[in-house]
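Content type mmCIF, C-alpha atoms, from the file protein28.cif:
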```cif
data_target
#
loop_
_atom_site.label_atom_id
_atom_site.label_comp_id
_atom_site.auth_asym_id
_atom_site.auth_seq_id
_atom_site.Cartn_x
_atom_site.Cartn_y
_atom_site.Cartn_z
CA MET Q 1 43.51 64.24 -19.89
CA SER Q 2 40.80 61.78 -20.14
CA LYS Q 3 37.66 62.20 -18.15
CA PHE Q 4 37.00 58.53 -17.69
CA LYS Q 5 39.92 57.20 -15.86
CA LYS Q 6 40.06 53.52 -15.17
CA LYS Q 7 40.26 52.93 -11.49
CA GLY Q 8 41.85 50.03 -9.69
CA SER Q 9 43.23 46.91 -11.18
CA LYS Q 10 42.12 45.18 -14.31
CA GLU Q 11 41.16 41.88 -12.59
CA ALA Q 12 37.78 40.40 -13.38
CA PRO Q 13 35.26 41.08 -10.61
CA PRO Q 14 34.51 38.06 -8.37
CA ILE Q 15 31.49 35.97 -9.29
CA SER Q 16 28.60 36.90 -7.10
CA THR Q 17 27.44 34.05 -4.92
CA ALA Q 18 24.53 35.98 -3.52
CA SER Q 19 21.99 33.73 -5.24
CA LEU Q 20 23.58 30.51 -4.02
CA PRO Q 21 21.61 30.46 -0.75
CA ASP Q 22 18.40 30.89 -2.74
CA ILE Q 23 19.20 27.90 -4.91
CA VAL Q 24 20.12 25.76 -1.93
CA PHE Q 25 17.01 26.81 -0.07
CA MET Q 26 14.93 25.83 -3.07
CA LEU Q 27 16.50 22.37 -3.00
CA LEU Q 28 15.97 22.21 0.74
CA PHE Q 29 12.28 23.00 0.48
CA PHE Q 30 11.88 20.45 -2.29
CA PHE Q 31 13.35 17.74 -0.09
CA MET Q 32 11.36 18.85 2.94
CA ILE Q 33 8.14 18.48 1.00
CA ALA Q 34 8.87 15.42 -1.12
CA THR Q 35 10.28 13.17 1.58
CA VAL Q 36 9.26 11.83 4.94
CA ILE Q 37 11.26 11.35 8.09
CA ARG Q 38 12.69 7.87 8.48
CA ASP Q 39 11.03 6.68 11.66
CA THR Q 40 12.34 3.22 12.39
CA SER Q 41 15.39 1.24 11.51
CA ILE Q 42 14.26 -2.01 9.99
CA LEU Q 43 15.62 -5.11 11.69
CA VAL Q 44 14.19 -7.73 9.36
CA ASP Q 45 14.93 -8.65 5.76
CA GLN Q 46 12.60 -6.76 3.51
CA GLU Q 47 12.30 -7.85 -0.06
CA MET Q 48 8.87 -6.74 -1.14
CA PRO Q 49 6.80 -8.88 -3.46
CA LYS Q 50 5.74 -7.35 -6.74
CA ALA Q 51 2.16 -6.64 -7.74
CA THR Q 52 0.40 -4.77 -10.51
CA GLU Q 53 -2.77 -3.61 -8.77
CA ILE Q 54 -1.10 -1.53 -6.09
CA GLN Q 55 -2.44 1.68 -4.67
CA LYS Q 56 -0.49 4.45 -3.00
CA LEU Q 57 -1.17 4.87 0.68
CA GLN Q 58 -2.60 8.25 1.51
CA ARG Q 59 -2.48 10.00 4.88
CA ARG Q 60 0.77 8.68 6.28
CA SER Q 61 -0.10 9.78 9.79
CA PHE Q 62 -2.79 7.09 9.90
CA VAL Q 63 -0.52 4.30 8.73
CA SER Q 64 1.11 1.91 11.19
CA ASN Q 65 3.68 -0.57 10.04
CA ILE Q 66 4.20 -4.18 10.99
CA TYR Q 67 7.38 -5.67 9.61
CA ILE Q 68 7.72 -9.42 9.22
CA GLY Q 69 10.76 -11.22 7.94
CA ARG Q 70 13.97 -13.03 8.73
CA PRO Q 71 16.18 -11.08 11.16
CA ILE Q 72 18.92 -9.06 9.47
CA LYS Q 73 22.42 -10.53 9.47
CA GLU Q 74 23.64 -8.73 12.59
CA MET Q 75 20.74 -10.06 14.66
CA ARG Q 76 20.72 -13.65 13.43
CA SER Q 77 23.20 -14.94 15.98
CA LYS Q 78 20.90 -13.79 18.74
CA TYR Q 79 17.44 -14.37 17.32
CA GLY Q 80 17.97 -17.23 14.92
CA ASP Q 81 16.68 -17.69 11.41
CA GLU Q 82 12.95 -17.83 11.97
CA PRO Q 83 10.80 -14.89 10.77
CA GLN Q 84 10.26 -12.23 13.40
CA ILE Q 85 7.61 -9.57 13.85
CA GLN Q 86 9.00 -6.09 14.27
CA LEU Q 87 6.88 -3.38 15.87
CA ASN Q 88 8.46 0.05 16.26
CA ASP Q 89 12.12 -0.62 16.96
CA SER Q 90 12.30 -4.15 18.28
CA TYR Q 91 11.17 -7.72 17.76
CA LYS Q 92 7.87 -8.46 19.39
CA SER Q 93 5.58 -11.43 19.72
CA LEU Q 94 2.04 -11.91 18.49
CA LYS Q 95 0.61 -10.94 21.86
CA ASP Q 96 2.08 -7.45 21.61
CA ILE Q 97 0.16 -6.55 18.48
CA SER Q 98 -3.02 -5.53 20.27
CA ASP Q 99 -1.02 -3.24 22.58
CA TYR Q 100 0.75 -1.79 19.59
CA ILE Q 101 -2.55 -1.06 17.83
CA ALA Q 102 -3.96 0.52 20.99
CA ASN Q 103 -0.84 2.65 21.25
CA GLU Q 104 -1.09 3.77 17.66
CA ARG Q 105 -4.73 4.68 18.15
CA GLU Q 106 -4.10 6.85 21.18
CA PRO Q 107 -3.33 10.13 19.37
CA LEU Q 108 -6.24 9.67 16.96
CA THR Q 109 -9.71 11.04 17.49
CA GLU Q 110 -12.82 8.89 17.40
CA ALA Q 111 -13.52 9.86 13.81
CA GLN Q 112 -9.99 9.09 12.66
CA ILE Q 113 -9.77 5.58 14.06
CA PRO Q 114 -11.59 3.94 11.14
CA LEU Q 115 -9.12 5.63 8.77
CA MET Q 116 -6.18 3.89 10.38
CA THR Q 117 -4.43 1.45 8.08
CA VAL Q 118 -2.00 -1.22 9.13
CA SER Q 119 0.62 -1.80 6.51
CA LEU Q 120 1.96 -5.34 6.58
CA LYS Q 121 5.49 -5.18 5.27
CA VAL Q 122 6.24 -8.82 4.78
CA ASP Q 123 9.28 -10.29 3.13
CA LYS Q 124 8.35 -12.38 0.09
CA LYS Q 125 10.02 -15.53 1.42
CA VAL Q 126 7.98 -15.62 4.63
CA LYS Q 127 5.44 -18.44 4.95
CA MET Q 128 1.78 -17.57 5.30
CA GLY Q 129 1.41 -19.12 8.77
CA ILE Q 130 2.84 -16.18 10.67
CA VAL Q 131 1.06 -13.67 8.41
CA THR Q 132 -2.27 -15.34 9.09
CA GLU Q 133 -1.64 -15.25 12.83
CA VAL Q 134 -0.85 -11.55 12.63
CA LYS Q 135 -4.02 -10.96 10.62
CA GLN Q 136 -6.00 -12.85 13.23
CA GLU Q 137 -4.53 -10.62 15.96
CA LEU Q 138 -5.49 -7.56 13.95
CA ARG Q 139 -9.03 -8.83 13.68
CA LYS Q 140 -9.10 -9.29 17.44
CA ALA Q 141 -7.86 -5.71 17.86
CA ASN Q 142 -10.57 -4.66 15.40
CA SER Q 143 -8.09 -3.00 13.11
CA LEU Q 144 -9.50 -4.15 9.81
CA LYS Q 145 -8.00 -1.87 7.18
CA ILE Q 146 -4.79 -3.46 6.07
CA ASN Q 147 -2.33 -3.01 3.29
CA TYR Q 148 -0.10 -5.70 1.87
CA ALA Q 149 3.00 -3.71 1.04
CA ALA Q 150 4.24 -4.43 -2.46
CA THR Q 151 6.24 -2.69 -5.10
CA GLU Q 152 5.01 -1.97 -8.56
CA ASP Q 153 5.63 -4.71 -11.08
CA VAL Q 154 6.82 -2.84 -14.14
CA ASN Q 155 6.91 -5.77 -16.53
CA PRO Q 156 4.36 -8.34 -15.39
CA MET Z 1 27.17 71.37 11.10
CA ARG Z 2 25.91 68.74 8.81
CA LYS Z 3 26.43 65.08 9.48
CA THR Z 4 27.06 62.86 6.55
CA ARG Z 5 24.53 60.08 6.51
CA LYS Z 6 26.15 56.68 6.33
CA PRO Z 7 24.44 54.04 4.23
CA PRO Z 8 23.16 51.19 6.42
CA GLN Z 9 25.70 48.51 6.88
CA GLN Z 10 25.28 45.47 4.66
CA ILE Z 11 24.86 42.08 6.28
CA ASN Z 12 27.31 39.59 4.99
CA ALA Z 13 25.25 36.79 3.50
CA GLY Z 14 28.18 34.67 2.48
CA SER Z 15 27.59 32.06 5.16
CA MET Z 16 23.91 31.74 4.37
CA ALA Z 17 24.71 29.16 1.71
CA ASP Z 18 26.65 27.10 4.22
CA ILE Z 19 23.77 27.11 6.65
CA ALA Z 20 21.32 26.12 3.94
CA PHE Z 21 23.61 23.33 2.79
CA LEU Z 22 23.82 22.04 6.32
CA LEU Z 23 20.03 21.90 6.58
CA LEU Z 24 19.75 20.33 3.16
CA ILE Z 25 22.19 17.56 4.02
CA PHE Z 26 20.40 16.94 7.30
CA PHE Z 27 17.13 16.41 5.42
CA LEU Z 28 18.79 14.25 2.81
CA VAL Z 29 20.08 11.92 5.49
CA THR Z 30 17.08 11.68 7.78
CA THR Z 31 14.28 11.33 5.26
CA GLN Z 32 13.22 8.75 2.76
CA MET Z 33 11.64 9.25 -0.60
CA ASN Z 34 9.53 6.24 -1.34
CA ALA Z 35 5.84 6.48 -0.59
CA ASP Z 36 4.20 3.35 0.74
CA SER Z 37 2.22 1.36 -1.73
CA GLY Z 38 0.53 -1.98 -1.73
CA LEU Z 39 -2.70 -3.92 -2.01
CA LEU Z 40 -5.35 -2.39 0.20
CA ARG Z 41 -7.66 -4.98 1.71
CA LYS Z 42 -10.25 -5.13 4.45
CA LEU Z 43 -10.31 -7.91 6.99
CA PRO Z 44 -13.66 -9.31 8.02
CA PRO Z 45 -14.67 -8.42 11.57
CA LEU Z 46 -14.12 -11.14 14.13
CA ASN Z 47 -17.52 -12.57 14.79
CA THR Z 48 -17.58 -16.03 16.21
CA ASP Z 49 -21.30 -16.34 16.96
CA ALA Z 50 -22.74 -15.82 13.52
CA GLU Z 51 -23.00 -18.80 11.24
CA PRO Z 52 -21.11 -18.21 8.04
CA PRO Z 53 -23.63 -17.64 5.26
CA LYS Z 54 -24.19 -20.64 3.07
CA PHE Z 55 -23.55 -20.19 -0.60
CA PRO Z 56 -24.69 -22.69 -3.20
CA GLU Z 57 -21.73 -24.35 -4.82
CA ARG Z 58 -22.26 -22.83 -8.23
CA ASN Z 59 -21.87 -19.36 -6.69
CA VAL Z 60 -18.50 -20.03 -5.18
CA PHE Z 61 -15.18 -19.79 -7.00
CA VAL Z 62 -12.79 -21.93 -5.00
CA VAL Z 63 -9.12 -20.98 -5.16
CA LEU Z 64 -6.73 -23.17 -3.21
CA VAL Z 65 -3.00 -22.70 -2.80
CA ASN Z 66 -1.03 -25.53 -1.26
CA ALA Z 67 2.23 -25.65 0.68
CA ASN Z 68 4.23 -26.05 -2.53
CA ASP Z 69 2.75 -22.87 -4.00
CA GLN Z 70 0.60 -24.81 -6.44
CA LEU Z 71 -2.73 -23.41 -7.41
CA MET Z 72 -6.00 -25.27 -7.70
CA VAL Z 73 -9.02 -23.45 -9.04
CA GLU Z 74 -12.43 -25.13 -9.07
CA ASN Z 75 -10.78 -28.54 -8.66
CA GLN Z 76 -8.39 -28.01 -11.53
CA HIS Z 77 -4.71 -27.34 -11.47
CA MET Z 78 -3.94 -23.93 -12.86
CA ASP Z 79 -1.04 -21.58 -13.42
CA VAL Z 80 -1.17 -18.12 -11.83
CA SER Z 81 -1.04 -16.51 -15.26
CA GLU Z 82 -4.41 -18.07 -16.15
CA LEU Z 83 -6.10 -17.07 -12.92
CA ARG Z 84 -7.06 -13.57 -13.99
CA ALA Z 85 -8.96 -14.73 -17.06
CA ALA Z 86 -10.66 -17.55 -15.14
CA THR Z 87 -11.78 -15.20 -12.37
CA ARG Z 88 -13.05 -12.72 -14.90
CA GLU Z 89 -15.08 -15.36 -16.66
CA PHE Z 90 -16.59 -16.44 -13.36
CA ILE Z 91 -17.58 -12.92 -12.28
CA LEU Z 92 -19.15 -11.99 -15.60
CA PRO Z 93 -22.82 -12.99 -15.55
CA ALA Z 94 -23.63 -16.10 -17.58
CA CYS Z 95 -27.08 -16.93 -16.34
CA ASN Z 96 -27.81 -20.12 -18.27
CA ASP Z 97 -24.61 -21.91 -17.39
CA PRO Z 98 -25.29 -24.25 -14.43
CA ASP Z 99 -21.68 -23.86 -13.24
CA GLN Z 100 -21.89 -20.08 -13.10
CA PRO Z 101 -23.44 -18.00 -10.30
CA VAL Z 102 -27.14 -17.30 -10.10
CA CYS Z 103 -28.18 -14.05 -11.76
CA MET Z 104 -30.52 -11.31 -10.72
CA ASP Z 105 -31.77 -8.46 -12.91
CA THR Z 106 -32.12 -5.06 -11.38
CA THR Z 107 -32.18 -1.38 -12.25
CA LEU Z 108 -29.48 0.91 -10.96
CA TYR Z 109 -29.44 4.68 -11.04
CA VAL Z 110 -26.24 5.82 -12.74
CA PRO Z 111 -25.34 9.49 -12.17
CA GLY Z 112 -25.30 11.31 -15.48
CA ALA Z 113 -26.74 8.40 -17.42
CA GLY Z 114 -30.05 7.70 -15.70
CA PRO Z 115 -31.40 4.27 -14.76
CA LYS Z 116 -29.57 1.29 -16.20
CA GLN Z 117 -30.63 -2.31 -16.46
CA VAL Z 118 -27.90 -4.53 -15.05
CA THR Z 119 -27.41 -8.17 -14.21
CA LEU Z 120 -25.96 -8.93 -10.81
CA THR Z 121 -24.55 -12.23 -9.66
CA LYS Z 122 -24.29 -13.50 -6.12
CA HIS Z 123 -20.77 -14.73 -6.52
CA LEU Z 124 -18.10 -15.34 -3.94
CA VAL Z 125 -14.41 -15.90 -4.48
CA SER Z 126 -13.13 -18.20 -1.77
CA LEU Z 127 -9.41 -18.17 -1.25
CA GLN Z 128 -7.74 -20.72 0.94
CA ASN Z 129 -4.05 -21.12 1.48
CA ASP Z 130 -1.83 -23.38 3.48
CA ASN Z 131 0.28 -22.25 6.41
CA ASN Z 132 3.36 -23.08 4.38
CA THR Z 133 2.32 -21.17 1.29
CA SER Z 134 4.89 -18.48 0.61
CA TYR Z 135 3.79 -14.90 1.03
CA ASP Z 136 4.99 -14.12 -2.46
CA MET Z 137 2.62 -16.67 -3.98
CA TYR Z 138 -0.24 -15.52 -1.77
CA LEU Z 139 0.19 -11.96 -2.92
CA ARG Z 140 0.40 -12.97 -6.56
CA VAL Z 141 -2.91 -14.80 -6.25
CA GLN Z 142 -4.50 -11.86 -4.44
CA ASN Z 143 -3.13 -9.55 -7.09
CA GLU Z 144 -4.65 -11.58 -9.93
CA LEU Z 145 -8.04 -11.74 -8.21
CA ILE Z 146 -8.06 -7.99 -7.63
CA ALA Z 147 -6.83 -7.44 -11.18
CA ALA Z 148 -9.82 -9.35 -12.56
CA TYR Z 149 -12.19 -7.11 -10.61
CA ASN Z 150 -10.32 -3.97 -11.60
CA GLU Z 151 -10.44 -4.93 -15.27
CA LEU Z 152 -14.19 -5.44 -15.18
CA ARG Z 153 -14.80 -2.28 -13.18
CA ASN Z 154 -12.64 -0.29 -15.59
CA GLU Z 155 -14.55 -1.63 -18.57
CA LEU Z 156 -17.87 -0.66 -17.04
CA ALA Z 157 -16.53 2.77 -16.07
CA GLU Z 158 -15.38 3.32 -19.65
CA GLU Z 159 -18.78 2.27 -20.96
CA TRP Z 160 -20.82 4.42 -18.58
CA TYR Z 161 -18.62 7.46 -18.05
CA GLY Z 162 -15.78 7.18 -20.56
CA LYS Z 163 -13.24 7.31 -17.75
CA ALA Z 164 -11.08 4.87 -15.84
CA PHE Z 165 -12.54 3.55 -12.58
CA ASP Z 166 -10.05 5.24 -10.29
CA LYS Z 167 -10.81 8.62 -11.88
CA LEU Z 168 -14.49 8.44 -10.88
CA THR Z 169 -16.10 10.30 -8.01
CA ASP Z 170 -17.54 8.28 -5.14
CA ASP Z 171 -21.07 8.79 -6.47
CA GLN Z 172 -20.12 7.53 -9.89
CA ALA Z 173 -18.18 4.57 -8.54
CA ALA Z 174 -20.96 3.35 -6.24
CA PRO Z 175 -23.17 1.66 -8.91
CA ILE Z 176 -20.12 -0.03 -10.42
CA LYS Z 177 -19.23 -1.43 -7.03
CA VAL Z 178 -22.76 -2.80 -6.80
CA VAL Z 179 -22.38 -4.59 -10.12
CA TYR Z 180 -18.90 -5.95 -9.33
CA PRO Z 181 -18.54 -6.18 -5.56
CA GLN Z 182 -15.16 -7.51 -4.43
CA ASN Z 183 -16.39 -10.60 -2.65
CA ILE Z 184 -13.11 -12.24 -1.79
CA SER Z 185 -13.41 -14.42 1.26
CA GLU Z 186 -10.44 -15.99 2.94
CA ALA Z 187 -10.92 -19.26 4.70
CA GLU Z 188 -8.83 -20.15 7.71
CA PRO Z 189 -5.65 -21.74 6.42
CA LYS Z 190 -5.05 -25.38 7.02
CA GLN Z 191 -1.91 -27.24 7.86
CA ALA Z 192 -2.14 -29.69 5.00
CA GLY Z 193 1.55 -29.68 4.21
CA GLY Z 194 2.41 -31.05 7.62
CA PRO Z 195 4.46 -29.27 10.24
CA GLN Z 196 7.62 -27.60 9.07
#
```

Can I see the file as structure tokens?
Amino acid sequence: MSKFKKKGSKEAPPISTASLPDIVFMLLFFFMIATVIRDTSILVDQEMPKATEIQKLQRRSFVSNIYIGRPIKEMRSKYGDEPQIQLNDSYKSLKDISDYIANEREPLTEAQIPLMTVSLKVDKKVKMGIVTEVKQELRKANSLKINYAATEDVNP
Amino acid sequence: MRKTRKPPQQINAGSMADIAFLLLIFFLVTTQMNADSGLLRKLPPLNTDAEPPKFPERNVFVVLVNANDQLMVENQHMDVSELRAATREFILPACNDPDQPVCMDTTLYVPGAGPKQVTLTKHLVSLQNDNNTSYDMYLRVQNELIAAYNELRNELAEEWYGKAFDKLTDDQAAPIKVVYPQNISEAEPKQAGGPQ
């Protein structure tokens, strides 16, 4: 009579999945930290020009975006082919820029206002005329820190 | 009578993974990865009363871009690839050349290296584009101008501190910015190419 009797069946024990949540949570936290929430859907063509001297924008909460470009395909029947200015979620005109800047400044404190950067996300095929007009509006709104959005040129 | 103590009941954590996956997928869908990057510039304040300061012609580096994306630098046609070198040559002090900006000797205090004798120039890069210039071309020109400054600043940073310019502290960078200030002025664009 043996003392060590094998109990139960001889099947292999199931693989423990207890650590699976930990692994997934790790991935989750990585994505929560490394990414930012998509805030607007872009309604204009956006093919960024390339540049070598680019800098990364710090402090995303102080960055406001102005998108300029040809309307995307779905909107062309309604808005035509001419470049449009997009603020937040819709096409706007030049006059709306000062309101937009004032709106973006509202949550900021006095000390933070000079840190605000306006990022001009302009499609590379756009002509300078509209960009200059936008810049002029920004000067009128006294929002002088701007960023010409560009992607890194890896082989200049 | 003695009660047998039951071990505390285990919580089934099997669905924890599902919940975490759900959250993970939510974040994957609603977020974006790419950080914003670009050329940081400062616009001049809007000031209509003040007369624009007059610069003697030898101090000004005139860069013109026309409606056909052609570049003219100091009255000569030029390709964008040559612009960086030309800008660099203009910014570097060359006091005896009558076409180059006027020089000025001064002493700057460099942190960690004491006072340094430097030559400053009162230069100005004037960039003017047409309303029909493409944004792509405009940004390439801007990029080359900034690149020329960055090259010179980096060289000076290497010489003084042995480090690249963007690795310097604000105190260390200040004297370099005095030697090579980014004086890029943008004139109001003109409609030379005619209406579209």

Subject >> Counting all atoms listed in the file, the residue of Z:Cys95, Z:Gly14, Z:Glu155, Z:Met104 that sits nearest Gln117 of chain Z >> reply: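 Of Z:Cys95, Z:Gly14, Z:Glu155, Z:Met104, the one nearest Gln117 of chain Z is Z:Met104, counting all atoms listed in the file.
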
Original post:
Counting all atoms listed in the file, what is within 9 Å of segment 53-55 of chain Z, bar same-chain residues fewer than 4 positions away, as a ChimeraX atom specification?
Top reply: /Z:59-60,122-124

**OP:** Decode the PyMOL selection byres ((chain Z) within 8 of (chain Q)) for the given file into explicit residues and return them as a ChimeraX atom specification.
**Re:** /Z:13-14,16-18,20-21,23-24,27-28,30-46,129-136,138-140,143,146-147,189

Original post:
For the atom pair atom CA of Ala85 of chain Z and atom CA of Glu151 of chain Z, what is the interatomic distance in Å to one decimal place?
Top reply: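 Computing the Euclidean distance for atom CA of Ala85 of chain Z and atom CA of Glu151 of chain Z yields 10.1 Å.
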
Would you be able to write out as a PDB file with C-alpha atoms, in the coordinates of the input which residues have an atom within 8 Å of (0.3, 1.5, 13.6) in the file's coordinates, counting only C-alpha atoms?
```
ATOM      1  CA  PHE Q  62      -2.790   7.090   9.900  1.00  0.00           C
ATOM      2  CA  VAL Q  63      -0.520   4.300   8.730  1.00  0.00           C
ATOM      3  CA  SER Q  64       1.110   1.910  11.190  1.00  0.00           C
ATOM      4  CA  ASN Q  65       3.680  -0.570  10.040  1.00  0.00           C
ATOM      5  CA  ILE Q  66       4.200  -4.180  10.990  1.00  0.00           C
ATOM      6  CA  TYR Q 100       0.750  -1.790  19.590  1.00  0.00           C
ATOM      7  CA  ILE Q 101      -2.550  -1.060  17.830  1.00  0.00           C
ATOM      8  CA  ASN Q 103      -0.840   2.650  21.250  1.00  0.00           C
ATOM      9  CA  GLU Q 104      -1.090   3.770  17.660  1.00  0.00           C
ATOM     10  CA  ARG Q 105      -4.730   4.680  18.150  1.00  0.00           C
ATOM     11  CA  MET Q 116      -6.180   3.890  10.380  1.00  0.00           C
ATOM     12  CA  THR Q 117      -4.430   1.450   8.080  1.00  0.00           C
ATOM     13  CA  VAL Q 118      -2.000  -1.220   9.130  1.00  0.00           C
ATOM     14  CA  SER Q 119       0.620  -1.800   6.510  1.00  0.00           C
TER      15      SER Q 119
END
```
